[in-house]
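Below is target.cif, which holds mmCIF, C-alpha atoms.
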```cif
data_final
#
loop_
_atom_site.label_atom_id
_atom_site.label_comp_id
_atom_site.auth_asym_id
_atom_site.auth_seq_id
_atom_site.Cartn_x
_atom_site.Cartn_y
_atom_site.Cartn_z
CA MET A 1 -217.17 -49.57 -40.61
CA LYS A 2 -214.10 -51.79 -40.98
CA LYS A 3 -211.05 -50.37 -39.23
CA ASN A 4 -207.63 -50.21 -40.85
CA THR A 5 -205.08 -52.57 -39.41
CA LEU A 6 -201.46 -51.57 -38.86
CA ARG A 7 -200.40 -54.11 -41.49
CA GLU A 8 -202.67 -52.50 -44.11
CA LEU A 9 -201.38 -49.02 -43.36
CA LEU A 10 -197.77 -50.12 -43.52
CA SER A 11 -198.36 -52.01 -46.74
CA ALA A 12 -199.94 -48.96 -48.38
CA ALA A 13 -197.13 -46.71 -47.13
CA ASN A 14 -194.47 -49.12 -48.35
CA LEU A 15 -196.08 -49.20 -51.81
CA LYS A 16 -196.28 -45.41 -52.02
CA LEU A 17 -192.68 -44.93 -50.94
CA THR A 18 -191.48 -47.66 -53.30
CA GLU A 19 -193.25 -46.01 -56.24
CA ALA A 20 -191.67 -42.70 -55.25
CA GLY A 21 -188.21 -44.28 -55.45
CA ILE A 22 -187.43 -43.81 -51.75
CA ASP A 23 -184.53 -45.79 -50.30
CA SER A 24 -185.52 -48.46 -47.73
CA PRO A 25 -189.27 -47.77 -48.03
CA ALA A 26 -190.32 -50.45 -45.54
CA LEU A 27 -187.92 -49.15 -42.89
CA SER A 28 -189.15 -45.60 -43.42
CA ALA A 29 -192.77 -46.69 -43.05
CA HIS A 30 -191.99 -48.56 -39.83
CA LEU A 31 -190.09 -45.63 -38.29
CA LEU A 32 -192.92 -43.23 -39.10
CA ALA A 33 -195.49 -45.63 -37.66
CA GLU A 34 -193.48 -46.05 -34.46
CA LYS A 35 -193.57 -42.29 -33.96
CA VAL A 36 -197.24 -41.68 -34.77
CA PHE A 37 -198.72 -44.71 -33.04
CA LYS A 38 -196.21 -44.65 -30.16
CA LEU A 39 -195.04 -48.22 -30.66
CA ASP A 40 -191.56 -49.67 -30.31
CA ARG A 41 -190.16 -52.12 -32.85
CA LEU A 42 -191.37 -55.18 -30.96
CA LYS A 43 -194.91 -53.85 -30.55
CA ILE A 44 -195.05 -52.98 -34.25
CA ILE A 45 -194.62 -56.69 -35.00
CA MET A 46 -197.01 -57.82 -32.28
CA GLU A 47 -199.81 -55.46 -33.32
CA MET A 48 -199.63 -55.89 -37.09
CA ASN A 49 -203.15 -57.30 -37.35
CA ASN A 50 -204.73 -54.95 -34.83
CA PRO A 51 -206.82 -51.92 -35.86
CA VAL A 52 -205.22 -48.52 -35.35
CA ASN A 53 -206.64 -45.34 -33.92
CA ASP A 54 -208.47 -43.64 -36.81
CA ASP A 55 -207.67 -40.23 -35.35
CA LEU A 56 -203.95 -40.84 -35.90
CA ILE A 57 -204.15 -42.02 -39.51
CA PRO A 58 -204.10 -38.49 -41.05
CA ALA A 59 -200.86 -37.70 -39.17
CA PHE A 60 -199.29 -40.94 -40.39
CA ASN A 61 -200.37 -40.31 -43.98
CA ASP A 62 -198.94 -36.78 -43.78
CA PHE A 63 -195.60 -38.20 -42.66
CA VAL A 64 -195.66 -40.70 -45.53
CA ASP A 65 -196.43 -37.94 -48.03
CA ARG A 66 -193.48 -35.91 -46.78
CA ARG A 67 -191.20 -38.93 -47.00
CA ALA A 68 -192.43 -39.67 -50.53
CA LYS A 69 -191.20 -36.20 -51.54
CA GLY A 70 -187.73 -37.12 -50.33
CA GLU A 71 -187.70 -35.44 -46.93
CA PRO A 72 -185.35 -37.41 -44.65
CA VAL A 73 -186.95 -39.41 -41.86
CA ALA A 74 -184.85 -37.58 -39.25
CA TYR A 75 -186.41 -34.23 -40.18
CA ILE A 76 -189.91 -35.68 -40.16
CA LEU A 77 -189.42 -37.29 -36.76
CA GLY A 78 -187.40 -34.37 -35.41
CA GLU A 79 -184.77 -36.69 -33.97
CA LYS A 80 -181.87 -38.96 -34.85
CA GLU A 81 -179.90 -41.51 -32.87
CA PHE A 82 -176.16 -40.95 -32.48
CA TYR A 83 -173.90 -43.22 -30.44
CA GLY A 84 -176.91 -44.75 -28.71
CA MET A 85 -178.36 -41.38 -27.72
CA ASP A 86 -181.38 -39.58 -29.20
CA PHE A 87 -180.70 -36.08 -30.51
CA LYS A 88 -183.08 -33.37 -31.57
CA ILE A 89 -182.76 -32.59 -35.29
CA GLY A 90 -184.43 -29.91 -37.35
CA ALA A 91 -184.32 -28.08 -40.65
CA GLY A 92 -181.13 -26.09 -40.98
CA VAL A 93 -178.93 -28.62 -39.21
CA LEU A 94 -176.98 -31.51 -40.69
CA ILE A 95 -178.31 -35.00 -39.95
CA PRO A 96 -175.73 -37.03 -37.96
CA ARG A 97 -173.91 -39.74 -39.91
CA PRO A 98 -172.77 -43.12 -38.55
CA GLU A 99 -169.22 -42.39 -39.73
CA THR A 100 -168.97 -39.52 -37.27
CA GLU A 101 -169.39 -41.98 -34.38
CA GLU A 102 -165.89 -43.24 -35.14
CA ILE A 103 -164.46 -39.97 -33.80
CA ILE A 104 -166.04 -40.83 -30.46
CA GLU A 105 -164.38 -44.25 -30.51
CA HIS A 106 -160.95 -42.69 -31.01
CA VAL A 107 -161.47 -40.17 -28.21
CA LEU A 108 -162.48 -43.03 -25.88
CA LYS A 109 -159.15 -44.70 -26.65
CA ARG A 110 -157.19 -41.54 -25.93
CA PHE A 111 -158.77 -40.44 -22.64
CA LYS A 112 -159.88 -42.25 -19.51
CA LYS A 113 -163.49 -41.87 -18.43
CA ASP A 114 -162.57 -39.84 -15.34
CA ASP A 115 -160.05 -37.54 -17.08
CA ALA A 116 -160.67 -33.82 -16.70
CA PHE A 117 -159.88 -32.04 -19.95
CA LEU A 118 -160.96 -29.03 -21.99
CA PHE A 119 -162.17 -29.54 -25.55
CA ALA A 120 -163.46 -27.49 -28.45
CA ASP A 121 -165.88 -28.49 -31.20
CA PHE A 122 -165.29 -26.58 -34.44
CA GLY A 123 -168.65 -26.45 -36.28
CA THR A 124 -170.86 -28.26 -33.78
CA GLY A 125 -174.09 -28.41 -35.82
CA SER A 126 -176.67 -30.19 -33.66
CA GLY A 127 -174.03 -30.62 -30.94
CA ILE A 128 -173.66 -34.38 -31.31
CA LEU A 129 -169.89 -34.52 -30.79
CA ALA A 130 -169.70 -31.98 -27.97
CA VAL A 131 -172.69 -33.40 -26.11
CA THR A 132 -171.60 -37.02 -26.51
CA ILE A 133 -168.06 -36.30 -25.30
CA ALA A 134 -169.39 -34.37 -22.31
CA LYS A 135 -171.78 -37.22 -21.53
CA LEU A 136 -169.08 -39.89 -21.75
CA PHE A 137 -166.49 -37.88 -19.80
CA PRO A 138 -168.19 -36.37 -16.72
CA GLN A 139 -165.10 -34.30 -15.78
CA ALA A 140 -164.63 -32.79 -19.26
CA ARG A 141 -165.69 -29.29 -20.26
CA GLY A 142 -166.04 -27.90 -23.74
CA ILE A 143 -166.74 -24.94 -26.01
CA ALA A 144 -168.67 -25.58 -29.22
CA MET A 145 -168.69 -23.13 -32.15
CA GLU A 146 -171.34 -22.76 -34.85
CA LEU A 147 -172.31 -19.97 -37.26
CA SER A 148 -175.92 -21.04 -37.74
CA ALA A 149 -178.26 -19.61 -35.11
CA ASP A 150 -180.80 -22.36 -35.84
CA ALA A 151 -178.21 -25.07 -35.31
CA LEU A 152 -176.98 -23.44 -32.10
CA GLY A 153 -180.50 -23.47 -30.69
CA ILE A 154 -180.84 -27.17 -31.42
CA ALA A 155 -177.37 -27.89 -30.00
CA ARG A 156 -178.24 -26.12 -26.75
CA ASP A 157 -181.49 -28.10 -26.53
CA ASN A 158 -179.53 -31.33 -26.97
CA ALA A 159 -177.10 -30.34 -24.23
CA LYS A 160 -180.03 -29.72 -21.87
CA LYS A 161 -181.71 -32.96 -22.92
CA HIS A 162 -178.61 -34.94 -21.94
CA PHE A 163 -177.86 -32.85 -18.82
CA VAL A 164 -174.48 -31.50 -19.94
CA ASP A 165 -175.47 -27.87 -20.55
CA ASP A 166 -173.53 -26.82 -17.45
CA ARG A 167 -170.29 -28.15 -18.98
CA VAL A 168 -170.60 -27.17 -22.65
CA LEU A 169 -170.65 -23.54 -23.78
CA PHE A 170 -172.13 -22.91 -27.22
CA ILE A 171 -171.00 -19.78 -29.06
CA LYS A 172 -171.82 -18.24 -32.44
CA ALA A 173 -168.47 -17.98 -34.18
CA ASP A 174 -166.62 -18.63 -37.44
CA PHE A 175 -164.06 -21.39 -36.94
CA THR A 176 -161.94 -20.10 -39.83
CA LEU A 177 -161.12 -17.05 -37.68
CA PRO A 178 -158.94 -16.88 -34.54
CA VAL A 179 -161.55 -17.19 -31.79
CA PHE A 180 -159.57 -18.65 -28.88
CA LYS A 181 -156.41 -17.85 -26.99
CA ASN A 182 -153.40 -20.01 -27.76
CA ASP A 183 -152.58 -23.27 -25.99
CA ILE A 184 -155.81 -23.84 -24.05
CA PHE A 185 -157.44 -27.05 -25.33
CA ASP A 186 -156.48 -30.67 -24.74
CA LEU A 187 -158.74 -31.85 -27.55
CA VAL A 188 -160.31 -30.36 -30.67
CA LEU A 189 -163.11 -32.04 -32.60
CA ALA A 190 -164.09 -30.89 -36.07
CA ASN A 191 -166.53 -31.92 -38.77
CA PRO A 192 -166.34 -29.08 -41.30
CA PRO A 193 -168.25 -28.95 -44.59
CA TYR A 194 -166.14 -30.94 -47.02
CA LEU A 195 -168.07 -31.48 -50.26
CA SER A 196 -166.90 -29.63 -53.36
CA ASP A 197 -169.29 -27.59 -55.49
CA ALA A 198 -169.22 -30.38 -58.09
CA GLU A 199 -169.96 -33.10 -55.56
CA LEU A 200 -173.08 -31.28 -54.38
CA GLY A 201 -174.65 -31.90 -57.77
CA GLU A 202 -173.89 -35.61 -57.54
CA ILE A 203 -175.41 -36.43 -54.14
CA SER A 204 -178.97 -37.61 -53.60
CA HIS A 205 -181.99 -35.31 -53.62
CA GLU A 206 -182.69 -36.30 -50.02
CA VAL A 207 -179.42 -34.67 -48.98
CA ALA A 208 -179.01 -31.80 -51.44
CA GLY A 209 -182.69 -30.87 -51.39
CA PHE A 210 -183.22 -30.80 -47.63
CA GLU A 211 -179.98 -30.54 -45.66
CA PRO A 212 -178.26 -27.14 -45.29
CA VAL A 213 -175.80 -26.49 -48.11
CA SER A 214 -173.61 -24.44 -45.78
CA ALA A 215 -173.03 -27.54 -43.65
CA LEU A 216 -172.24 -29.71 -46.65
CA VAL A 217 -170.11 -27.72 -49.10
CA GLY A 218 -166.63 -26.54 -48.17
CA GLY A 219 -166.04 -24.49 -51.31
CA GLU A 220 -165.11 -25.04 -54.93
CA LEU A 221 -162.61 -27.80 -54.11
CA GLY A 222 -164.21 -28.89 -50.85
CA ASP A 223 -161.14 -28.38 -48.66
CA GLU A 224 -161.38 -24.61 -48.16
CA MET A 225 -162.87 -24.92 -44.68
CA ILE A 226 -160.19 -27.42 -43.69
CA LYS A 227 -157.46 -24.99 -44.81
CA GLY A 228 -159.23 -22.14 -43.06
CA CYS A 229 -159.43 -23.75 -39.62
CA ALA A 230 -156.17 -25.76 -39.52
CA PRO A 231 -153.91 -22.95 -38.24
CA HIS A 232 -156.46 -21.90 -35.62
CA ILE A 233 -156.78 -25.48 -34.37
CA ALA A 234 -152.99 -25.67 -34.13
CA ALA A 235 -152.84 -22.44 -32.13
CA ALA A 236 -155.70 -23.35 -29.79
CA LEU A 237 -154.32 -26.77 -28.78
CA LYS A 238 -151.92 -27.26 -25.91
CA SER A 239 -148.63 -29.01 -26.57
CA ALA A 240 -149.39 -32.75 -26.92
CA GLY A 241 -153.05 -31.86 -27.51
CA CYS A 242 -154.93 -33.80 -30.16
CA MET A 243 -157.35 -33.05 -32.98
CA TYR A 244 -159.81 -35.39 -34.71
CA MET A 245 -161.45 -34.12 -37.91
CA GLU A 246 -163.89 -35.89 -40.19
CA ILE A 247 -163.12 -35.45 -43.90
CA GLY A 248 -164.51 -36.56 -47.25
CA TYR A 249 -163.33 -39.96 -48.44
CA LEU A 250 -161.41 -38.38 -51.34
CA GLN A 251 -159.64 -35.81 -49.18
CA GLY A 252 -157.16 -37.94 -47.27
CA GLU A 253 -154.05 -36.81 -49.15
CA ALA A 254 -155.08 -33.15 -49.29
CA ALA A 255 -156.05 -33.01 -45.61
CA TYR A 256 -152.82 -34.73 -44.61
CA LYS A 257 -150.77 -32.11 -46.48
CA ILE A 258 -152.76 -29.24 -44.96
CA PHE A 259 -152.12 -30.32 -41.39
CA ASP A 260 -148.61 -31.64 -41.88
CA SER A 261 -147.62 -28.27 -43.37
CA CYS A 262 -148.51 -26.64 -40.02
CA ALA A 263 -145.30 -26.49 -38.00
CA ALA A 264 -147.24 -27.37 -34.86
CA PHE A 265 -148.35 -30.69 -36.37
CA SER A 266 -145.49 -31.58 -38.72
CA GLY A 267 -144.67 -35.28 -38.51
CA GLN A 268 -147.59 -35.97 -36.18
CA VAL A 269 -150.44 -36.33 -38.68
CA GLU A 270 -152.30 -39.50 -39.62
CA VAL A 271 -155.32 -40.25 -41.81
CA LEU A 272 -157.56 -43.04 -40.51
CA ALA A 273 -159.92 -45.18 -42.56
CA ASP A 274 -163.54 -45.78 -41.60
CA ILE A 275 -165.28 -49.16 -41.39
CA SER A 276 -165.71 -49.08 -45.17
CA ASN A 277 -161.95 -48.58 -45.56
CA HIS A 278 -162.36 -45.02 -46.83
CA ASP A 279 -160.20 -42.15 -45.62
CA ARG A 280 -162.40 -40.47 -43.00
CA ILE A 281 -160.60 -38.99 -40.00
CA VAL A 282 -157.49 -36.83 -39.73
CA VAL A 283 -155.64 -37.11 -36.43
CA ALA A 284 -153.08 -34.43 -35.61
CA LEU A 285 -150.96 -34.21 -32.44
CA LYS A 286 -149.43 -30.89 -31.51
CA ASN A 287 -145.66 -30.97 -31.11
#
```
Conversion result in structure tokens:
Amino acid sequence: MKKNTLRELLSAANLKLTEAGIDSPALSAHLLAEKVFKLDRLKIIMEMNNPVNDDLIPAFNDFVDRRAKGEPVAYILGEKEFYGMDFKIGAGVLIPRPETEEIIEHVLKRFKKDDAFLFADFGTGSGILAVTIAKLFPQARGIAMELSADALGIARDNAKKHFVDDRVLFIKADFTLPVFKNDIFDLVLANPPYLSDAELGEISHEVAGFEPVSALVGGELGDEMIKGCAPHIAAALKSAGCMYMEIGYLQGEAAYKIFDSCAAFSGQVEVLADISNHDRIVVALKN
């Protein structure tokens, strides 16, 4: 019996995903094949004309079927790269976005690698920001808050995976409530839900149909969570402490007003654009 080659399987998968209207079908097929057949990107190319293990074909086809229904690749693979590090991802937790990496870049400019500081992560999700900061700054310690028990479990796993679980404490808490004592953190990171109810209906099925709504939507106008946590961030930061918050690209003016209206931040607020020149990060320094 003729064996299927990797090229034939990828071609069939690409066709199926294309017909299903999936974005970047060839890339999806390659990523799924790398996982199932345990090949890196170079070996995928080198072994295109080689037969594959028949026992693994059903698993690959199952992955392709799930992708054809719109399920994001990160959920199928159970992992996603963020800032050059692999993170565990699962249902019930937001998939990391490239834009969020820009927060890390700004923190790297503010602190030296050997600085010892205390940080908080408001709404940690899978823990990408807290874990990455702890990894990059070996003397830093942090507390990461999250309401979702599922997300907290994944965040703790990611901290263990990257050997920072002894320096990051994960707690189940609502960041729109006063959780911390005043004046204790040098740095606060935040990536709250910031889509409006209307925007949820406009985003792709891959996002709205699979990612947790609670991690996407910030209320009717989309800025409710930002308003809710701003005063608590101001209280928790030390004098001269700094906050970096990711926002929606239409929220620059609103987010600026929210933080600038806090006496602790007045006159020390800036909205930074991302690589696409969209408003993306609010920076606020405590007076």
Picked residues, the PyMOL selection byres ((chain A and resi 72-75) around 12), expected as a PyMOL selection string: chain A and resi 22-25+27-35+63-71+76-82+86-97+204-212
Protein and nucleic acid residues near (-167.6, -33.7, -20.4) (cut-off 8 Å, all atoms listed in the file) as a count of residues only: 16
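For the pair CA of Leu221 in chain A and CA of Ala255 in chain A, the separation is 11.9 Å.
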Minimum-distance residue to Val283 in chain A, chosen among A:Ala235, A:Ala198, A:Val188, A:Leu15 (using all atoms listed in the file):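 With all atoms listed in the file as the atom set, the closest residue is A:Val188.
Shortest atom-to-atom contact with His162 in chain A among A:Ile57, A:Met85, A:Ala144, A:Ala236: A:Met85, counting only C-alpha atoms.
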Residue with smallest distance to Gly241 in chain A - pool A:Glu19, A:Glu99, A:Asp165, A:Asp186, counting all atoms listed in the file: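 Ranking A:Glu19, A:Glu99, A:Asp165, A:Asp186 by distance to Gly241 in chain A, first place goes to A:Asp186.
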Reference answer for the PyMOL selection byres ((chain A and resi 287) around 10), as a list in words: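 Listing what the PyMOL selection byres ((chain A and resi 287) around 10) selects in the shown file: Ala234, Leu237, Lys238, Ser239, Ala240, Gly241, Cys242, Ala263, Ala264, Phe265, Ser266, Gly267, Gln268, Ala284, Leu285 and Lys286 of chain A.
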Give me the residues within 12 Å of Leu9 in chain A as an mmCIF file with C-alpha atoms, keeping the file's coordinate frame, counting all atoms listed in the file and dropping any in the same chain fewer than 4 places off.
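What landed in part-v9.cif:
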```cif
data_model
loop_
_atom_site.group_PDB
_atom_site.id
_atom_site.type_symbol
_atom_site.label_atom_id
_atom_site.label_comp_id
_atom_site.auth_asym_id
_atom_site.auth_seq_id
_atom_site.Cartn_x
_atom_site.Cartn_y
_atom_site.Cartn_z
ATOM 1 C CA LYS A 3 -211.050 -50.370 -39.230
ATOM 2 C CA ASN A 4 -207.630 -50.210 -40.850
ATOM 3 C CA THR A 5 -205.080 -52.570 -39.410
ATOM 4 C CA ALA A 13 -197.130 -46.710 -47.130
ATOM 5 C CA ASN A 14 -194.470 -49.120 -48.350
ATOM 6 C CA LEU A 15 -196.080 -49.200 -51.810
ATOM 7 C CA LYS A 16 -196.280 -45.410 -52.020
ATOM 8 C CA ALA A 26 -190.320 -50.450 -45.540
ATOM 9 C CA ALA A 29 -192.770 -46.690 -43.050
ATOM 10 C CA HIS A 30 -191.990 -48.560 -39.830
ATOM 11 C CA LEU A 32 -192.920 -43.230 -39.100
ATOM 12 C CA ALA A 33 -195.490 -45.630 -37.660
ATOM 13 C CA PHE A 37 -198.720 -44.710 -33.040
ATOM 14 C CA ILE A 44 -195.050 -52.980 -34.250
ATOM 15 C CA MET A 48 -199.630 -55.890 -37.090
ATOM 16 C CA ASN A 49 -203.150 -57.300 -37.350
ATOM 17 C CA ASN A 50 -204.730 -54.950 -34.830
ATOM 18 C CA PRO A 51 -206.820 -51.920 -35.860
ATOM 19 C CA VAL A 52 -205.220 -48.520 -35.350
ATOM 20 C CA ASN A 53 -206.640 -45.340 -33.920
ATOM 21 C CA ASP A 54 -208.470 -43.640 -36.810
ATOM 22 C CA LEU A 56 -203.950 -40.840 -35.900
ATOM 23 C CA ILE A 57 -204.150 -42.020 -39.510
ATOM 24 C CA PRO A 58 -204.100 -38.490 -41.050
ATOM 25 C CA PHE A 60 -199.290 -40.940 -40.390
ATOM 26 C CA ASN A 61 -200.370 -40.310 -43.980
ATOM 27 C CA VAL A 64 -195.660 -40.700 -45.530
#
```
Distance in Å - CA of Ser126 in chain A versus CA of Ala155 in chain A: 4.4 Å
Point-to-point distance from CA of His232 in chain A to CA of Gly125 in chain A, Å rounded to tenths: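 Value for the CA of His232 in chain A-CA of Gly125 in chain A distance: 18.8 Å.
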Which residues are near Gly222 in chain A? Cut-off 8 Å, only C-alpha atoms, ignore same chain within fewer than 5 positions. Put them as a PDB file with C-alpha atoms, in the frame of the given file.
```pdb
ATOM      1  CA  PRO A 193    -168.250 -28.950 -44.590  1.00  0.00           C
ATOM      2  CA  TYR A 194    -166.140 -30.940 -47.020  1.00  0.00           C
ATOM      3  CA  LEU A 195    -168.070 -31.480 -50.260  1.00  0.00           C
ATOM      4  CA  SER A 196    -166.900 -29.630 -53.360  1.00  0.00           C
ATOM      5  CA  ASP A 197    -169.290 -27.590 -55.490  1.00  0.00           C
ATOM      6  CA  VAL A 217    -170.110 -27.720 -49.100  1.00  0.00           C
TER       7      VAL A 217
END
```
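Residues matching the PyMOL selection byres ((chain A and resi 270) around 6) in this structure come to Val269, Val271, Val282 and Val283 of chain A.
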Distance criterion (only C-alpha atoms): nearest to Leu200 in chain A out of A:Val213, A:Met46, A:Ile128, A:Leu39: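 Among A:Val213, A:Met46, A:Ile128, A:Leu39, it is A:Val213 that comes nearest to Leu200 in chain A.
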Distance criterion (only C-alpha atoms): nearest to Asp115 in chain A out of A:Asp174, A:Leu187, A:Ile154, A:Glu102: A:Leu187
Among the residues A:Met225, A:Cys262, A:Ala215, A:Ala190, the one that comes closest to Asp121 in chain A [using all atoms listed in the file]: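 Checking each of A:Met225, A:Cys262, A:Ala215, A:Ala190 against Asp121 in chain A, counting all atoms listed in the file, the winner is A:Ala190.
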